[in-house]
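Asker: Next comes the structure file final.cif, holding mmCIF, C-alpha atoms.
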data_work
#
loop_
_atom_site.label_atom_id
_atom_site.label_comp_id
_atom_site.auth_asym_id
_atom_site.auth_seq_id
_atom_site.Cartn_x
_atom_site.Cartn_y
_atom_site.Cartn_z
CA MET A 21 65.08 141.88 99.41
CA LYS A 22 68.76 141.29 98.71
CA LEU A 23 70.24 137.85 99.19
CA GLU A 24 73.00 139.37 101.27
CA ASN A 25 70.39 140.16 103.92
CA ILE A 26 68.78 136.72 103.72
CA PHE A 27 71.96 134.68 104.11
CA LYS A 28 73.56 136.03 107.23
CA TRP A 29 76.30 133.49 107.90
CA ARG A 30 77.85 133.16 111.32
CA LYS A 31 80.85 131.16 112.43
CA PHE A 32 82.76 129.77 115.36
CA LEU A 33 86.26 128.38 115.62
CA CYS A 34 86.45 124.62 115.12
CA PRO A 35 89.32 122.98 113.16
CA LYS A 36 88.76 119.76 111.24
CA THR A 37 90.90 117.87 113.74
CA SER A 38 88.11 118.58 116.20
CA LEU A 39 85.15 117.99 113.87
CA ARG A 40 84.75 116.60 110.35
CA LEU A 41 81.20 117.29 109.17
CA ASP A 42 81.47 114.97 106.17
CA ILE A 43 82.14 111.97 108.44
CA THR A 44 80.23 112.86 111.60
CA LEU A 45 76.98 113.71 109.80
CA LYS A 46 77.12 110.74 107.42
CA CYS A 47 78.34 107.78 109.48
CA GLY A 48 74.94 106.49 110.52
CA GLN A 49 74.36 108.50 113.69
CA SER A 50 71.72 110.88 112.38
CA PHE A 51 69.67 110.30 109.24
CA ARG A 52 68.33 113.79 108.52
CA TRP A 53 71.38 115.75 107.32
CA LYS A 54 71.58 116.08 103.55
CA LEU A 55 74.47 117.19 101.37
CA ILE A 56 73.11 119.72 98.90
CA GLN A 57 74.18 121.85 95.96
CA PRO A 58 72.56 125.23 96.76
CA GLN A 59 70.97 127.14 93.92
CA SER A 60 70.73 130.51 95.69
CA PHE A 61 74.44 130.85 96.48
CA SER A 62 77.74 129.23 95.58
CA CYS A 63 80.12 127.73 98.09
CA ALA A 64 83.58 126.24 97.73
CA THR A 65 82.94 123.78 100.58
CA SER A 66 80.30 121.09 101.11
CA VAL A 67 76.99 122.38 102.46
CA TYR A 68 74.69 120.28 104.65
CA ILE A 69 71.06 121.03 105.45
CA GLY A 70 69.02 119.63 108.31
CA VAL A 71 66.36 120.34 110.91
CA LEU A 72 67.61 120.76 114.48
CA GLN A 73 65.22 121.81 117.25
CA SER A 74 62.65 123.15 114.75
CA ARG A 75 65.30 125.21 112.97
CA LEU A 76 66.33 124.58 109.39
CA LEU A 77 70.10 124.94 109.33
CA LEU A 78 72.68 125.24 106.57
CA ILE A 79 76.13 124.29 107.78
CA THR A 80 79.57 124.10 106.21
CA GLN A 81 83.21 124.33 107.26
CA ASP A 82 86.68 125.24 106.13
CA ASP A 83 89.94 124.14 107.75
CA SER A 84 89.46 126.31 110.83
CA ASP A 85 85.79 127.28 111.26
CA ILE A 86 82.20 126.06 111.23
CA PHE A 87 79.79 128.33 109.32
CA TYR A 88 76.04 128.19 109.80
CA HIS A 89 72.86 129.93 108.74
CA CYS A 90 69.34 129.37 110.06
CA VAL A 91 66.77 129.64 107.28
CA ASN A 92 63.65 130.15 109.39
CA GLN A 93 65.15 131.90 112.45
CA PRO A 94 68.23 133.78 111.17
CA GLY A 95 68.38 136.12 114.16
CA ASP A 96 68.32 133.42 116.84
CA GLU A 97 71.30 134.05 119.10
CA ASP A 98 71.14 130.61 120.76
CA ILE A 99 72.03 128.60 117.67
CA GLU A 100 75.79 128.67 118.20
CA GLU A 101 75.51 127.23 121.70
CA ASN A 102 72.96 124.68 120.49
CA LEU A 103 75.36 123.53 117.75
CA LYS A 104 78.28 123.34 120.17
CA ASP A 105 76.16 121.20 122.47
CA TYR A 106 74.94 119.05 119.54
CA PHE A 107 78.53 118.40 118.43
CA GLN A 108 79.74 118.13 122.07
CA LEU A 109 82.59 120.54 121.41
CA LYS A 110 83.50 120.81 125.09
CA ILE A 111 85.08 117.38 124.76
CA ASP A 112 88.72 117.64 123.69
CA LEU A 113 88.68 115.17 120.81
CA PRO A 114 92.33 115.60 119.64
CA SER A 115 93.51 114.69 123.16
CA LEU A 116 91.32 111.60 123.14
CA TYR A 117 92.68 110.59 119.72
CA SER A 118 96.21 110.92 121.08
CA GLU A 119 95.38 108.76 124.09
CA TRP A 120 93.64 106.08 122.01
CA SER A 121 96.52 106.01 119.49
CA LYS A 122 99.02 105.30 122.26
CA ASN A 123 96.98 102.32 123.41
CA ASP A 124 96.04 100.91 120.01
CA PRO A 125 98.28 100.75 116.89
CA ILE A 126 95.26 99.89 114.72
CA PHE A 127 93.50 103.07 115.84
CA ASP A 128 96.72 105.06 115.42
CA LYS A 129 96.92 104.08 111.76
CA ILE A 130 93.23 104.69 111.04
CA SER A 131 93.07 108.03 112.83
CA GLN A 132 95.51 109.65 110.39
CA ASP A 133 92.84 109.58 107.68
CA TYR A 134 89.77 109.94 109.91
CA PRO A 135 90.24 112.88 112.26
CA GLY A 136 87.36 114.77 113.84
CA VAL A 137 84.85 111.90 114.15
CA ARG A 138 82.52 113.09 116.88
CA MET A 139 79.47 111.66 118.62
CA LEU A 140 76.39 113.82 118.23
CA ARG A 141 74.25 114.66 121.25
CA GLN A 142 70.88 114.09 119.66
CA ASP A 143 67.33 114.56 120.77
CA PRO A 144 66.37 111.24 122.47
CA VAL A 145 62.95 111.02 120.77
CA GLU A 146 64.38 111.33 117.28
CA ASN A 147 67.26 109.03 118.15
CA VAL A 148 65.07 106.25 119.56
CA PHE A 149 62.62 106.10 116.67
CA SER A 150 65.27 106.53 113.98
CA PHE A 151 67.08 103.47 115.32
CA ILE A 152 63.91 101.43 115.64
CA CYS A 153 63.83 101.93 111.85
CA SER A 154 67.41 100.64 111.59
CA ALA A 155 66.71 96.95 112.14
CA ASN A 156 67.74 94.91 109.06
CA ASN A 157 68.19 98.10 107.09
CA ASN A 158 70.75 100.33 105.35
CA ILE A 159 71.55 104.02 105.77
CA ALA A 160 69.78 105.22 102.63
CA ARG A 161 66.57 103.34 103.41
CA ILE A 162 66.60 104.40 107.08
CA SER A 163 66.95 108.02 105.93
CA GLY A 164 63.94 107.56 103.67
CA MET A 165 61.83 106.07 106.45
CA VAL A 166 62.71 108.86 108.87
CA GLU A 167 61.82 111.40 106.19
CA LYS A 168 58.45 109.73 105.66
CA MET A 169 57.72 109.84 109.38
CA CYS A 170 58.52 113.55 109.48
CA VAL A 171 56.37 114.39 106.45
CA GLU A 172 53.43 112.34 107.71
CA TYR A 173 53.49 113.19 111.43
CA GLY A 174 55.83 116.16 111.91
CA GLU A 175 55.18 119.88 111.56
CA LEU A 176 56.24 121.98 108.58
CA VAL A 177 59.31 123.99 109.62
CA THR A 178 59.88 125.98 106.45
CA GLU A 179 60.66 125.70 102.75
CA PHE A 180 64.06 126.20 101.16
CA GLU A 181 64.68 126.24 97.41
CA SER A 182 61.25 124.69 96.73
CA VAL A 183 61.76 121.81 99.20
CA LYS A 184 59.67 121.51 102.37
CA TYR A 185 61.32 120.53 105.64
CA TYR A 186 59.52 119.06 108.64
CA SER A 187 60.21 118.63 112.34
CA PHE A 188 60.52 115.19 113.86
CA PRO A 189 57.13 113.91 115.09
CA ASN A 190 56.20 114.20 118.76
CA LEU A 191 55.33 111.16 120.84
CA GLU A 192 51.60 111.87 120.81
CA ASN A 193 51.43 111.82 117.00
CA LEU A 194 53.24 108.47 116.85
CA SER A 195 51.27 106.80 119.65
CA HIS A 196 47.78 106.56 118.07
CA PRO A 197 46.65 103.01 117.19
CA GLU A 198 46.10 103.90 113.53
CA VAL A 199 49.77 104.87 113.14
CA GLU A 200 50.83 101.25 112.65
CA ALA A 201 48.61 100.73 109.61
CA LYS A 202 49.71 104.01 108.03
CA LEU A 203 53.40 103.28 108.52
CA ARG A 204 52.95 99.81 107.05
CA GLU A 205 51.35 101.48 104.05
CA LEU A 206 54.43 103.69 103.79
CA GLY A 207 56.76 100.68 103.71
CA PHE A 208 57.91 100.36 107.34
CA GLY A 209 56.92 96.69 107.62
CA TYR A 210 57.12 95.16 111.10
CA ARG A 211 58.86 98.31 112.39
CA ALA A 212 55.51 100.14 112.19
CA LYS A 213 54.17 98.19 115.16
CA TYR A 214 57.31 98.84 117.19
CA ILE A 215 57.13 102.60 116.56
CA GLN A 216 53.51 102.91 117.67
CA GLN A 217 53.94 100.65 120.70
CA SER A 218 57.12 102.35 121.90
CA ALA A 219 55.61 105.82 121.56
CA ALA A 220 52.61 104.72 123.65
CA LEU A 221 54.83 103.08 126.28
CA ILE A 222 57.08 106.14 126.62
CA LEU A 223 54.01 108.34 127.12
CA SER A 224 52.69 105.98 129.77
CA LYS A 225 55.97 106.30 131.67
CA GLY A 226 56.03 110.10 131.62
CA GLY A 227 56.85 111.04 128.03
CA VAL A 228 59.87 113.09 127.02
CA PRO A 229 61.04 113.71 130.64
CA TRP A 230 61.21 109.94 131.16
CA LEU A 231 63.49 109.58 128.14
CA PHE A 232 65.74 112.44 129.24
CA SER A 233 66.04 110.90 132.70
CA HIS A 234 68.27 108.22 131.17
CA ARG A 235 71.02 110.80 130.83
CA VAL A 236 71.61 110.74 134.59
CA LEU A 237 71.12 107.01 135.19
CA PRO A 238 74.03 104.56 135.53
CA TYR A 239 74.81 102.85 132.23
CA THR A 240 73.46 99.40 133.06
CA GLU A 241 70.27 100.79 134.60
CA ALA A 242 69.63 103.06 131.61
CA ARG A 243 70.25 100.17 129.24
CA GLN A 244 67.83 97.83 130.99
CA SER A 245 65.21 100.56 130.99
CA LEU A 246 65.45 101.15 127.23
CA LEU A 247 65.19 97.43 126.54
CA GLN A 248 61.56 97.64 127.63
CA LEU A 249 60.73 99.43 124.38
CA ALA A 250 59.39 97.46 121.43
CA GLY A 251 61.99 97.16 118.69
CA VAL A 252 64.87 98.05 121.02
CA GLY A 253 67.41 95.26 121.45
CA PRO A 254 70.95 95.43 122.89
CA LYS A 255 72.47 97.14 119.85
CA VAL A 256 69.74 99.76 119.44
CA ALA A 257 69.79 100.45 123.19
CA ASP A 258 73.56 101.07 123.08
CA CYS A 259 73.21 103.31 120.00
CA VAL A 260 70.65 105.46 121.79
CA LEU A 261 72.68 105.56 125.01
CA LEU A 262 75.78 106.63 123.08
CA MET A 263 74.17 109.11 120.71
CA SER A 264 71.62 110.88 122.88
CA MET A 265 71.94 109.76 126.52
CA ASP A 266 75.49 110.91 127.41
CA GLN A 267 76.71 107.32 127.87
CA ALA A 268 80.09 107.66 126.14
CA GLY A 269 81.16 104.16 127.19
CA ALA A 270 78.31 102.41 125.38
CA VAL A 271 79.65 100.27 122.53
CA PRO A 272 76.98 99.16 120.01
CA VAL A 273 77.78 95.78 118.48
CA ASP A 274 76.13 94.74 115.23
CA THR A 275 77.39 92.29 112.62
CA HIS A 276 79.55 95.05 111.13
CA MET A 277 81.27 95.84 114.45
CA PHE A 278 81.54 92.11 115.15
CA ASN A 279 83.84 91.76 112.13
CA ILE A 280 85.96 94.72 113.24
CA ALA A 281 86.30 93.20 116.71
CA LYS A 282 87.83 90.04 115.25
CA GLN A 283 91.01 92.05 114.54
CA TYR A 284 91.34 92.54 118.30
CA LEU A 285 89.90 89.23 119.51
CA PRO A 286 90.96 86.59 116.92
CA HIS A 287 89.25 83.75 118.77
CA LEU A 288 85.91 85.30 117.73
CA GLU A 289 86.51 83.88 114.25
CA GLN A 290 85.09 80.65 115.66
CA ASN A 291 81.75 82.36 116.42
CA LYS A 292 79.16 82.58 113.67
CA THR A 293 76.73 84.68 115.71
CA VAL A 294 76.99 87.23 118.49
CA THR A 295 75.72 85.67 121.68
CA ASP A 296 75.06 87.72 124.80
CA LYS A 297 78.44 86.60 126.12
CA VAL A 298 80.28 87.69 122.95
CA TYR A 299 78.42 91.01 122.87
CA LEU A 300 79.57 91.72 126.43
CA GLU A 301 83.12 90.59 125.71
CA ILE A 302 83.46 92.93 122.73
CA GLY A 303 82.06 95.90 124.63
CA ASN A 304 84.26 95.26 127.66
CA HIS A 305 87.35 94.84 125.47
CA PHE A 306 86.91 98.25 123.86
CA ARG A 307 86.02 99.87 127.19
CA SER A 308 89.23 98.45 128.67
CA LEU A 309 91.24 99.61 125.66
CA TYR A 310 89.81 103.10 125.21
CA GLY A 311 88.40 104.06 128.61
CA GLU A 312 85.38 106.22 129.39
CA TYR A 313 84.91 107.38 125.77
CA ALA A 314 85.10 103.90 124.26
CA GLY A 315 81.92 104.50 122.27
CA TRP A 316 83.52 107.49 120.58
CA ALA A 317 86.63 105.51 119.61
CA HIS A 318 84.46 102.67 118.33
CA SER A 319 82.70 105.16 116.03
CA VAL A 320 86.03 106.10 114.42
CA LEU A 321 86.78 102.44 113.65
CA PHE A 322 83.26 101.95 112.37
CA SER A 323 83.34 105.06 110.14
CA ALA A 324 86.67 104.02 108.64
CA ASP A 325 85.10 100.77 107.50
CA LEU A 326 82.12 102.31 105.67
CA LYS A 327 82.53 102.22 101.89
CA HIS A 328 81.21 105.71 101.17
CA LEU A 329 83.60 107.18 103.76
CA LYS A 330 86.57 105.12 102.62
CA GLU A 331 86.25 106.87 99.26
CA ASN A 332 86.60 110.25 100.95
CA LYS A 333 89.18 109.55 103.65
CA THR A 334 90.80 112.94 104.02
CA GLY A 335 87.96 114.99 102.60
CA GLU A 336 89.94 115.74 99.43
CA LYS A 337 87.61 113.91 97.01
CA ALA A 338 84.38 115.52 95.96
CA ILE A 339 81.34 114.06 97.71
CA LYS A 340 78.30 113.22 95.65
CA VAL A 341 75.42 115.57 96.31
CA GLU A 342 72.31 113.98 97.76
CA LYS A 343 68.83 114.83 96.66
CA LYS A 344 66.19 115.02 99.32
CA PRO A 345 64.01 111.91 99.01
CA LYS A 346 60.73 112.66 97.28
CA VAL A 347 58.09 111.89 99.87
CA GLU A 348 54.41 112.57 99.35
CA LYS A 349 52.09 113.03 102.30
CA VAL A 350 49.34 110.80 100.92
CA LYS A 351 50.88 108.33 98.48
CA SER A 352 54.42 107.21 99.21
CA ASP A 353 54.58 103.45 98.83
CA LYS A 354 58.08 103.29 97.44
CA LEU A 355 60.72 105.86 98.28
CA LYS A 356 63.03 106.79 95.41
CA SER A 357 66.17 108.05 97.08
CA THR A 358 69.20 109.14 95.08
CA VAL A 359 71.48 108.82 98.06
CA LYS A 360 74.29 106.49 97.04
CA GLU A 361 75.85 105.13 100.19
CA GLU A 362 77.16 101.99 101.81
CA LYS A 363 74.43 99.39 102.22
CA TRP A 364 75.29 99.12 105.88
CA ILE A 365 73.21 96.50 107.62
CA LEU A 366 72.08 97.67 111.03
CA THR A 367 70.74 94.37 112.25
CA ASP A 368 69.95 93.75 115.86
CA ILE A 369 72.07 90.83 116.95
CA LYS A 370 70.30 87.56 117.72
CA THR A 371 71.38 86.70 121.24
CA GLU A 372 71.10 83.46 123.11
CA GLY A 373 71.84 82.03 126.55
CA ASN A 374 71.70 83.61 129.99
CA GLU A 375 75.14 85.21 130.06
CA MET A 376 73.65 88.73 130.21
CA LYS A 377 72.63 88.10 133.79
CA THR A 378 76.19 88.90 134.88
CA GLU A 379 76.47 91.98 132.63
CA LYS A 380 75.34 94.58 135.16
CA ARG A 381 77.92 93.50 137.72
CA GLU A 382 80.80 93.25 135.23
CA ILE A 383 80.21 96.57 133.46
CA THR A 384 79.51 98.39 136.74
CA GLU A 385 82.85 97.20 138.11
CA PHE A 386 84.58 98.44 134.96
CA PHE A 387 83.11 101.93 135.14
CA LYS A 388 84.32 102.31 138.73
CA THR A 389 87.89 102.22 137.39
CA VAL A 390 87.44 104.86 134.66
CA LYS A 391 88.25 108.52 135.11
CA PRO A 392 86.93 111.29 132.85
CA THR A 393 89.36 112.57 130.23
CA ALA A 394 87.38 115.50 128.86
CA LYS A 395 88.94 118.96 128.87
CA LYS A 396 87.31 122.33 128.44
CA ARG A 397 87.78 124.04 125.10
CA LYS A 398 88.81 127.64 124.86
CA LYS A 399 86.11 130.07 123.78
CA SER A 400 86.19 130.64 120.08
CA SER A 401 85.85 133.64 117.85
CA VAL A 402 82.40 134.54 116.57
CA ILE A 403 83.47 137.10 113.96
CA PRO A 404 82.38 135.68 110.60
CA THR A 405 84.57 135.52 107.55
CA VAL A 406 82.37 133.39 105.37
CA PRO A 407 83.77 131.10 102.62
CA VAL A 408 80.43 131.49 100.89
CA LYS A 409 80.05 133.59 97.77
CA VAL A 410 76.54 135.03 97.60
CA GLU A 411 75.19 135.55 94.13
CA LYS A 412 72.24 137.63 93.05
CA ILE A 413 69.42 135.81 91.35
#
Take the structure in the file and give it back as structure tokens.

Answerer:
Amino acid sequence: MKLENIFKWRKFLCPKTSLRLDITLKCGQSFRWKLIQPQSFSCATSVYIGVLQSRLLLITQDDSDIFYHCVNQPGDEDIEENLKDYFQLKIDLPSLYSEWSKNDPIFDKISQDYPGVRMLRQDPVENVFSFICSANNNIARISGMVEKMCVEYGELVTEFESVKYYSFPNLENLSHPEVEAKLRELGFGYRAKYIQQSAALILSKGGVPWLFSHRVLPYTEARQSLLQLAGVGPKVADCVLLMSMDQAGAVPVDTHMFNIAKQYLPHLEQNKTVTDKVYLEIGNHFRSLYGEYAGWAHSVLFSADLKHLKENKTGEKAIKVEKKPKVEKVKSDKLKSTVKEEKWILTDIKTEGNEMKTEKREITEFFKTVKPTAKKRKKSSVIPTVPVKVEKI
């Protein structure tokens, strides 16, 4: 079989001002996309590989288009729409950038070097359990833990260039009592207990449909509901709401974002920790400044402050290729990852006091004043002109 028949690339129109893959896929939203150097073809642009809805996808872009190929289901006609939904391309990001820049000179300066930072619309199950792994952790180690979970409890999707790729585990596989001990053996520490307990609790409440129901709940109600889960504090709840529950106004605040907020709220320099009151103040400040899509704007500020993204501001520098972490199904005590990234601490904030009691009323009042700013995108071309040179092996 000729490689030309195997790698059937497709494309859709999407300029980098609307989506930058190198930032969006590597800013700590999703932990399963890997930058690779393909052996079976050459490509002038960066190629990412990842599993999305049980499909193994290769994805790259040039200045005007997104190119994709599905390894295990190359003829699937639904992939383009799935990707557009995943990247939320119906939301007019350049217009939002323009609006945010008018309201915030700090954002205006940053946005010149960080266009196209988009929020992913992830699967809630994967999003919840990935961020339970994020407590007191860094991006590289979180990626390794998520990979271990997939190898141990997911299903084999396919193999590409001698590497096996797995789906994210279902709730049933993570809910068994023996899961905790196995995950501890794999290096998850105290997070192992949270994963097993949360999977069991979600199943008891109705499973996947219960999680998806948060997409139609008011923000404060959805947030309170997620806080029932073991290992889910205020920051993790807001990450999940923002990244998989359609709550664009959710603003996750960890120690990293706390330092960014001090540029806007100088009096916070006096605070050594983020109390419930401070957490609410920061979120409300950015919601007042940026409007309904405050969580999206916050992600731009956050991405601009990550070391590994600072080194590649405009996408002109070459990005270091990542090797897929070597994870064995039986023995995998210590993950050896070659991913060299910012050691970004994703700690859940220690909160104190009873100030959160007023949160529901205050945030609800804010959202009553916000109007949607999203605009429909024009339909894009689907005729492929691939920047990928296929070589015979």

Asker: Once the PyMOL selection byres ((chain A and resi 183-189) around 7) has been applied to the shown file, what residues remain in the selection, as a list of chain:residue names?

Answerer: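 Evaluating the PyMOL selection byres ((chain A and resi 183-189) around 7) on this file yields A:Val71, A:Ser74, A:Glu146, A:Cys170, A:Val171, A:Tyr173, A:Gly174, A:Glu175, A:Leu176, A:Val177, A:Thr178, A:Glu179, A:Phe180, A:Glu181, A:Ser182, A:Asn190, A:Leu191, A:Asn193, A:Leu194.
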
Asker: Write to file, as an mmCIF file, in the frame of the given file, the residues of the selection just made, with C-alpha atoms.

Answerer:
data_model
loop_
_atom_site.group_PDB
_atom_site.id
_atom_site.type_symbol
_atom_site.label_atom_id
_atom_site.label_comp_id
_atom_site.auth_asym_id
_atom_site.auth_seq_id
_atom_site.Cartn_x
_atom_site.Cartn_y
_atom_site.Cartn_z
ATOM 1 C CA VAL A 71 66.360 120.340 110.910
ATOM 2 C CA SER A 74 62.650 123.150 114.750
ATOM 3 C CA GLU A 146 64.380 111.330 117.280
ATOM 4 C CA CYS A 170 58.520 113.550 109.480
ATOM 5 C CA VAL A 171 56.370 114.390 106.450
ATOM 6 C CA TYR A 173 53.490 113.190 111.430
ATOM 7 C CA GLY A 174 55.830 116.160 111.910
ATOM 8 C CA GLU A 175 55.180 119.880 111.560
ATOM 9 C CA LEU A 176 56.240 121.980 108.580
ATOM 10 C CA VAL A 177 59.310 123.990 109.620
ATOM 11 C CA THR A 178 59.880 125.980 106.450
ATOM 12 C CA GLU A 179 60.660 125.700 102.750
ATOM 13 C CA PHE A 180 64.060 126.200 101.160
ATOM 14 C CA GLU A 181 64.680 126.240 97.410
ATOM 15 C CA SER A 182 61.250 124.690 96.730
ATOM 16 C CA ASN A 190 56.200 114.200 118.760
ATOM 17 C CA LEU A 191 55.330 111.160 120.840
ATOM 18 C CA ASN A 193 51.430 111.820 117.000
ATOM 19 C CA LEU A 194 53.240 108.470 116.850
#

Asker: Which residues are near Arg138 in chain A? Cut-off 8 Å, all atoms listed in the file, ignore same chain within fewer than 4 positions. Put them as a PyMOL selection string.

Answerer: chain A and resi 38-40+44+107-108+113+316+319

Asker: What is the CA of Leu261 in chain A-CA of Leu77 in chain A distance in Å, reported with one decimal?

Answerer: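 Spanning CA of Leu261 in chain A to CA of Leu77 in chain A is a straight-line distance of 25.1 Å.
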
Asker: So that I can check the surroundings of Lys36 in chain A, please list as a PyMOL selection string every protein, DNA and RNA residue that reaches within 9 Å of it, counting only C-alpha atoms and ignoring chain neighbours fewer than 5 positions away.

Answerer: chain A and resi 41+81-85+135-136

Asker: Select, from A:Glu119, A:Asp143, A:Asp274, A:Glu198, the residue with the minimum atom-to-atom distance to Asp105 in chain A, counting only C-alpha atoms.

Answerer: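 Among the listed residues, the smallest separation from Asp105 in chain A belongs to A:Asp143.
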
Asker: So that I can check the surroundings of range 226-241 of chain A, please list as a PyMOL selection string every protein, DNA and RNA residue that reaches within 6 Å of it, counting only C-alpha atoms and ignoring chain neighbours fewer than 3 positions away.

Answerer: chain A and resi 222-223+244+265-266+380

Asker: Report as a list in words all protein, DNA and RNA residues lying within 9 Å of Ala212 in chain A, evaluated on only C-alpha atoms, omitting residues in the same chain fewer than 4 positions from it.

Answerer: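 Once the adjacent positions are removed, what remains is Cys153, Val199, Glu200, Ala201, Lys202, Leu203, Arg204, Gly207, Phe208, Gln216 and Gln217 of chain A.
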
Asker: Can you pull out the residues contacting Leu45 in chain A? Cut-off 12 Å, using only C-alpha atoms, and skip same-chain residues under 2 positions away; I want them as an MDAnalysis selection string.

Answerer: chainID A and resid 39:43 47:55 66:70 79:80 106:107 136:142 159 323 329
